[in-house]
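Quick look at entry-v2.txt (compact mmCIF, C-alpha atoms):
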```
# COMPACT_ATOMS: atom_id res chain seq x y z
CA MET A 1 0.00 0.00 0.00
CA THR A 2 1.31 3.44 -0.93
CA LYS A 3 1.59 6.09 1.76
CA PRO A 4 -0.24 9.35 1.08
CA VAL A 5 1.99 12.16 -0.16
CA SER A 6 2.50 14.97 2.32
CA SER A 7 0.93 18.30 1.41
CA ARG A 8 4.40 19.81 1.87
CA VAL A 9 5.66 17.87 -1.16
CA CYS A 10 5.31 19.28 -4.66
CA ARG A 11 1.80 18.74 -6.03
CA SER A 12 3.19 17.05 -9.15
CA VAL A 13 4.97 14.23 -7.28
CA GLY A 14 2.01 11.88 -7.63
CA GLU A 15 1.61 12.58 -11.33
CA ALA A 16 5.35 12.17 -11.95
CA SER A 17 5.39 8.92 -10.00
CA GLU A 18 2.52 7.50 -12.06
CA LEU A 19 4.25 8.43 -15.32
CA LEU A 20 7.48 6.78 -14.19
CA LYS A 21 5.57 3.64 -13.14
CA LEU A 22 4.06 3.51 -16.61
CA VAL A 23 7.43 3.35 -18.37
CA ALA A 24 9.03 1.21 -15.66
CA ASN A 25 7.50 -1.86 -17.33
CA ALA A 26 10.04 -3.28 -19.80
CA ASN A 27 7.44 -4.06 -22.47
CA ARG A 28 5.90 -0.59 -22.32
CA LEU A 29 9.34 1.02 -22.39
CA ALA A 30 10.31 -1.06 -25.44
CA ILE A 31 7.07 -0.06 -27.18
CA VAL A 32 7.59 3.63 -26.44
CA CYS A 33 11.24 3.52 -27.54
CA TYR A 34 10.22 1.88 -30.81
CA LEU A 35 7.33 4.26 -31.45
CA MET A 36 9.58 7.27 -30.88
CA GLU A 37 11.50 6.24 -33.99
CA THR A 38 8.62 5.27 -36.24
CA GLU A 39 4.88 4.75 -36.25
CA ALA A 40 3.92 1.08 -36.15
CA SER A 41 0.97 -1.28 -36.23
CA VAL A 42 0.37 -4.04 -33.69
CA SER A 43 1.68 -6.67 -36.09
CA ALA A 44 4.86 -4.66 -36.76
CA LEU A 45 5.44 -4.17 -33.03
CA GLU A 46 4.83 -7.86 -32.40
CA ASP A 47 7.33 -8.85 -35.11
CA GLU A 48 9.98 -6.30 -34.19
CA LEU A 49 9.84 -6.48 -30.41
CA GLY A 50 8.95 -10.14 -30.00
CA ILE A 51 6.11 -9.37 -27.60
CA ARG A 52 3.19 -11.76 -28.03
CA GLN A 53 -0.05 -10.18 -29.21
CA PRO A 54 -2.10 -10.58 -25.99
CA THR A 55 0.63 -8.95 -23.89
CA LEU A 56 1.23 -6.30 -26.54
CA SER A 57 -2.45 -5.38 -26.71
CA GLN A 58 -2.63 -5.06 -22.92
CA GLN A 59 0.41 -2.79 -22.82
CA LEU A 60 -0.80 -0.67 -25.75
CA ALA A 61 -4.14 -0.22 -23.97
CA GLU A 62 -2.39 1.05 -20.84
CA LEU A 63 -0.30 3.49 -22.88
CA ARG A 64 -3.41 4.70 -24.76
CA GLU A 65 -5.40 5.16 -21.55
CA ALA A 66 -2.56 7.26 -20.13
CA ASN A 67 -2.56 9.37 -23.33
CA VAL A 68 1.06 8.47 -24.03
CA ILE A 69 0.31 7.03 -27.47
CA GLU A 70 -2.49 7.35 -29.97
CA GLY A 71 -3.57 5.27 -32.89
CA ARG A 72 -4.91 6.14 -36.29
CA ARG A 73 -6.61 3.82 -38.73
CA ASP A 74 -4.62 2.91 -41.83
CA GLY A 75 -6.76 0.54 -43.86
CA LYS A 76 -7.50 -2.42 -41.58
CA ALA A 77 -4.60 -1.69 -39.22
CA ILE A 78 -4.24 0.82 -36.42
CA VAL A 79 -0.89 2.61 -36.48
CA TYR A 80 0.45 3.94 -33.19
CA ARG A 81 2.72 6.85 -32.33
CA VAL A 82 3.96 8.61 -29.18
CA VAL A 83 2.10 11.85 -28.44
CA ASP A 84 3.13 12.72 -24.87
CA PRO A 85 6.14 15.07 -24.89
CA ARG A 86 6.94 14.14 -21.27
CA ILE A 87 7.56 10.52 -22.33
CA LYS A 88 9.83 11.73 -25.11
CA THR A 89 11.85 13.71 -22.57
CA ILE A 90 12.09 10.69 -20.25
CA VAL A 91 13.17 8.36 -23.06
CA HIS A 92 15.78 10.86 -24.29
CA ALA A 93 17.19 11.03 -20.75
CA LEU A 94 17.22 7.23 -20.50
CA ARG A 95 18.97 7.01 -23.86
CA ASP A 96 21.68 9.33 -22.53
CA MET A 97 22.19 6.91 -19.63
CA PHE A 98 21.67 3.57 -21.44
CA SER A 99 23.08 3.39 -24.95
CA GLY A 100 21.10 0.24 -25.81
CA LEU A 101 17.84 2.21 -25.84
CA ASP A 102 18.69 4.09 -29.01
CA ASP A 103 17.90 2.82 -32.47
CA VAL A 104 15.36 0.23 -31.33
CA THR A 105 14.09 -0.14 -34.89
CA GLY A 106 17.52 -1.33 -36.03
CA ARG A 107 17.63 1.25 -38.77
CA PHE A 108 21.10 2.22 -37.64
CA GLY A 109 22.54 -1.25 -37.21
CA MET A 110 21.42 -2.26 -33.72
CA ALA A 111 20.11 -5.81 -33.25
CA LYS A 112 16.53 -6.33 -32.12
CA LEU A 113 15.82 -5.32 -28.57
CA PRO A 114 15.64 -8.44 -26.38
CA VAL A 115 12.33 -8.47 -24.56
CA ASP A 116 11.36 -11.54 -22.56
CA GLU A 117 7.78 -12.72 -22.58
CA VAL A 118 7.94 -12.85 -18.77
CA MET A 119 8.21 -9.06 -18.55
CA PHE A 120 4.57 -8.16 -18.18
CA ASP A 121 2.43 -7.00 -15.30
```

How does this structure look as structure tokens?
Amino acid sequence: MTKPVSSRVCRSVGEASELLKLVANANRLAIVCYLMETEASVSALEDELGIRQPTLSQQLAELREANVIEGRRDGKAIVYRVVDPRIKTIVHALRDMFSGLDDVTGRFGMAKLPVDEVMFD
């Protein structure tokens, strides 16, 4: 159980904590890193990240509900992209600290990002 935040603490602490929890999940972080480089459909994300469709759909739903990503219809597929500038800032900071987070799409020579199927909530 989480303790209530003191009224003496910055009002945005709760909001910041929730945003960090959202990207603390390895699958969601991989999805966001990928979508920062290119828009992608569920099938493309599944192929590129190796996340099985049920897990992927659950994680995409959480990111959509938090208004981090949005989808647009392209024929029969829905194509997703990152829309929250705060997430972009967080991912850029993480990329400065962890070099393996850049070029998730492999467009610049990096191998696919290893994501285990066991990394879901």

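Here CA of Thr89 in chain A is placed at a distance of 27.5 Å from CA of Gln53 in chain A.
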
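Separating CA of Ser57 in chain A from CA of Ile90 in chain A is a distance of 22.6 Å.
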
Hey, what's within 10 Å of range 15-18 of chain A if we count all atoms listed in the file and toss same-chain stuff fewer than 6 positions away? As a PDB file with C-alpha atoms, keeping the file's coordinate frame, please?
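The result, written out as part_26.pdb:
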```pdb
ATOM      1  CA  ALA A  24       9.030   1.210 -15.660  1.00  0.00           C
ATOM      2  CA  ALA A  66      -2.560   7.260 -20.130  1.00  0.00           C
ATOM      3  CA  ARG A  86       6.940  14.140 -21.270  1.00  0.00           C
TER       4      ARG A  86
END
```

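Between CA of Arg64 in chain A and CA of Lys76 in chain A the separation is 18.7 Å.
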
Just the residues within 9 Å of Arg28 in chain A, please, counting all atoms listed in the file, with nothing from its chain fewer than 6 positions along; format it as an NGL selection string. :A and (22 or 56 or 59-60 or 62-63 or 120)

Show which residues sit within 12 Å of Ala44 in chain A, as a PDB file with C-alpha atoms, keeping the file's coordinate frame. Count all atoms listed in the file, and ignore same-chain residues fewer than 3 positions away.
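Saved result, selection.pdb, follows:
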```pdb
ATOM      1  CA  ILE A  31       7.070  -0.060 -27.180  1.00  0.00           C
ATOM      2  CA  TYR A  34      10.220   1.880 -30.810  1.00  0.00           C
ATOM      3  CA  LEU A  35       7.330   4.260 -31.450  1.00  0.00           C
ATOM      4  CA  THR A  38       8.620   5.270 -36.240  1.00  0.00           C
ATOM      5  CA  GLU A  39       4.880   4.750 -36.250  1.00  0.00           C
ATOM      6  CA  ALA A  40       3.920   1.080 -36.150  1.00  0.00           C
ATOM      7  CA  SER A  41       0.970  -1.280 -36.230  1.00  0.00           C
ATOM      8  CA  ASP A  47       7.330  -8.850 -35.110  1.00  0.00           C
ATOM      9  CA  GLU A  48       9.980  -6.300 -34.190  1.00  0.00           C
ATOM     10  CA  LEU A  49       9.840  -6.480 -30.410  1.00  0.00           C
ATOM     11  CA  GLY A  50       8.950 -10.140 -30.000  1.00  0.00           C
ATOM     12  CA  ILE A  51       6.110  -9.370 -27.600  1.00  0.00           C
ATOM     13  CA  ARG A  52       3.190 -11.760 -28.030  1.00  0.00           C
ATOM     14  CA  GLN A  53      -0.050 -10.180 -29.210  1.00  0.00           C
ATOM     15  CA  LEU A  56       1.230  -6.300 -26.540  1.00  0.00           C
ATOM     16  CA  ALA A  77      -4.600  -1.690 -39.220  1.00  0.00           C
ATOM     17  CA  ILE A  78      -4.240   0.820 -36.420  1.00  0.00           C
ATOM     18  CA  VAL A  79      -0.890   2.610 -36.480  1.00  0.00           C
ATOM     19  CA  TYR A  80       0.450   3.940 -33.190  1.00  0.00           C
ATOM     20  CA  THR A 105      14.090  -0.140 -34.890  1.00  0.00           C
TER      21      THR A 105
END
```

Where atoms are lacking, range 29-55 of chain A completed to N, CA and C atoms, as a PDB file, keeping the file's coordinate frame:
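Result file is rebuild.pdb:
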```pdb
ATOM      1  N   LEU A  29       8.178   0.214 -22.026  1.00  0.00           N
ATOM      2  CA  LEU A  29       9.340   1.020 -22.390  1.00  0.00           C
ATOM      3  C   LEU A  29       9.839   0.659 -23.782  1.00  0.00           C
ATOM      4  N   ALA A  30       9.884  -0.630 -24.100  1.00  0.00           N
ATOM      5  CA  ALA A  30      10.310  -1.060 -25.440  1.00  0.00           C
ATOM      6  C   ALA A  30       9.359  -0.521 -26.503  1.00  0.00           C
ATOM      7  N   ILE A  31       8.065  -0.566 -26.233  1.00  0.00           N
ATOM      8  CA  ILE A  31       7.070  -0.060 -27.180  1.00  0.00           C
ATOM      9  C   ILE A  31       7.271   1.432 -27.411  1.00  0.00           C
ATOM     10  N   VAL A  32       7.415   2.185 -26.331  1.00  0.00           N
ATOM     11  CA  VAL A  32       7.590   3.630 -26.440  1.00  0.00           C
ATOM     12  C   VAL A  32       8.880   3.967 -27.176  1.00  0.00           C
ATOM     13  N   CYS A  33       9.969   3.269 -26.848  1.00  0.00           N
ATOM     14  CA  CYS A  33      11.240   3.520 -27.540  1.00  0.00           C
ATOM     15  C   CYS A  33      11.088   3.276 -29.038  1.00  0.00           C
ATOM     16  N   TYR A  34      10.417   2.202 -29.397  1.00  0.00           N
ATOM     17  CA  TYR A  34      10.220   1.880 -30.810  1.00  0.00           C
ATOM     18  C   TYR A  34       9.361   2.940 -31.488  1.00  0.00           C
ATOM     19  N   LEU A  35       8.256   3.300 -30.840  1.00  0.00           N
ATOM     20  CA  LEU A  35       7.330   4.260 -31.450  1.00  0.00           C
ATOM     21  C   LEU A  35       7.900   5.674 -31.515  1.00  0.00           C
ATOM     22  N   MET A  36       8.934   5.958 -30.765  1.00  0.00           N
ATOM     23  CA  MET A  36       9.580   7.270 -30.880  1.00  0.00           C
ATOM     24  C   MET A  36      10.367   7.370 -32.180  1.00  0.00           C
ATOM     25  N   GLU A  37      10.736   6.242 -32.751  1.00  0.00           N
ATOM     26  CA  GLU A  37      11.500   6.240 -33.990  1.00  0.00           C
ATOM     27  C   GLU A  37      10.627   6.131 -35.227  1.00  0.00           C
ATOM     28  N   THR A  38       9.501   5.452 -35.092  1.00  0.00           N
ATOM     29  CA  THR A  38       8.620   5.270 -36.240  1.00  0.00           C
ATOM     30  C   THR A  38       7.226   4.885 -35.758  1.00  0.00           C
ATOM     31  N   GLU A  39       6.227   5.229 -36.536  1.00  0.00           N
ATOM     32  CA  GLU A  39       4.880   4.750 -36.250  1.00  0.00           C
ATOM     33  C   GLU A  39       4.834   3.265 -36.587  1.00  0.00           C
ATOM     34  N   ALA A  40       3.970   2.517 -35.902  1.00  0.00           N
ATOM     35  CA  ALA A  40       3.920   1.080 -36.150  1.00  0.00           C
ATOM     36  C   ALA A  40       2.555   0.514 -35.794  1.00  0.00           C
ATOM     37  N   SER A  41       2.197  -0.542 -36.506  1.00  0.00           N
ATOM     38  CA  SER A  41       0.970  -1.280 -36.230  1.00  0.00           C
ATOM     39  C   SER A  41       1.256  -2.345 -35.171  1.00  0.00           C
ATOM     40  N   VAL A  42       0.210  -2.971 -34.673  1.00  0.00           N
ATOM     41  CA  VAL A  42       0.370  -4.040 -33.690  1.00  0.00           C
ATOM     42  C   VAL A  42       1.202  -5.170 -34.271  1.00  0.00           C
ATOM     43  N   SER A  43       0.933  -5.555 -35.498  1.00  0.00           N
ATOM     44  CA  SER A  43       1.680  -6.670 -36.090  1.00  0.00           C
ATOM     45  C   SER A  43       3.158  -6.315 -36.263  1.00  0.00           C
ATOM     46  N   ALA A  44       3.463  -5.077 -36.630  1.00  0.00           N
ATOM     47  CA  ALA A  44       4.860  -4.660 -36.760  1.00  0.00           C
ATOM     48  C   ALA A  44       5.556  -4.659 -35.403  1.00  0.00           C
ATOM     49  N   LEU A  45       4.869  -4.162 -34.376  1.00  0.00           N
ATOM     50  CA  LEU A  45       5.440  -4.170 -33.030  1.00  0.00           C
ATOM     51  C   LEU A  45       5.666  -5.596 -32.547  1.00  0.00           C
ATOM     52  N   GLU A  46       4.710  -6.451 -32.807  1.00  0.00           N
ATOM     53  CA  GLU A  46       4.830  -7.860 -32.400  1.00  0.00           C
ATOM     54  C   GLU A  46       6.049  -8.499 -33.072  1.00  0.00           C
ATOM     55  N   ASP A  47       6.198  -8.283 -34.362  1.00  0.00           N
ATOM     56  CA  ASP A  47       7.330  -8.850 -35.110  1.00  0.00           C
ATOM     57  C   ASP A  47       8.661  -8.271 -34.645  1.00  0.00           C
ATOM     58  N   GLU A  48       8.722  -6.965 -34.504  1.00  0.00           N
ATOM     59  CA  GLU A  48       9.980  -6.300 -34.190  1.00  0.00           C
ATOM     60  C   GLU A  48      10.428  -6.466 -32.747  1.00  0.00           C
ATOM     61  N   LEU A  49       9.486  -6.437 -31.821  1.00  0.00           N
ATOM     62  CA  LEU A  49       9.840  -6.480 -30.410  1.00  0.00           C
ATOM     63  C   LEU A  49       9.738  -7.879 -29.805  1.00  0.00           C
ATOM     64  N   GLY A  50       9.073  -8.784 -30.506  1.00  0.00           N
ATOM     65  CA  GLY A  50       8.950 -10.140 -30.000  1.00  0.00           C
ATOM     66  C   GLY A  50       8.005 -10.266 -28.809  1.00  0.00           C
ATOM     67  N   ILE A  51       7.103  -9.324 -28.674  1.00  0.00           N
ATOM     68  CA  ILE A  51       6.110  -9.370 -27.600  1.00  0.00           C
ATOM     69  C   ILE A  51       4.860 -10.027 -28.175  1.00  0.00           C
ATOM     70  N   ARG A  52       4.374 -11.056 -27.521  1.00  0.00           N
ATOM     71  CA  ARG A  52       3.190 -11.760 -28.030  1.00  0.00           C
ATOM     72  C   ARG A  52       1.978 -10.836 -28.022  1.00  0.00           C
ATOM     73  N   GLN A  53       1.083 -11.072 -28.965  1.00  0.00           N
ATOM     74  CA  GLN A  53      -0.050 -10.180 -29.210  1.00  0.00           C
ATOM     75  C   GLN A  53      -0.905  -9.906 -27.971  1.00  0.00           C
ATOM     76  N   PRO A  54      -1.265 -10.908 -27.156  1.00  0.00           N
ATOM     77  CA  PRO A  54      -2.100 -10.580 -25.990  1.00  0.00           C
ATOM     78  C   PRO A  54      -1.413  -9.604 -25.027  1.00  0.00           C
ATOM     79  N   THR A  55      -0.128  -9.834 -24.770  1.00  0.00           N
ATOM     80  CA  THR A  55       0.630  -8.950 -23.890  1.00  0.00           C
ATOM     81  C   THR A  55       0.772  -7.576 -24.526  1.00  0.00           C
TER      82      THR A  55
END
```
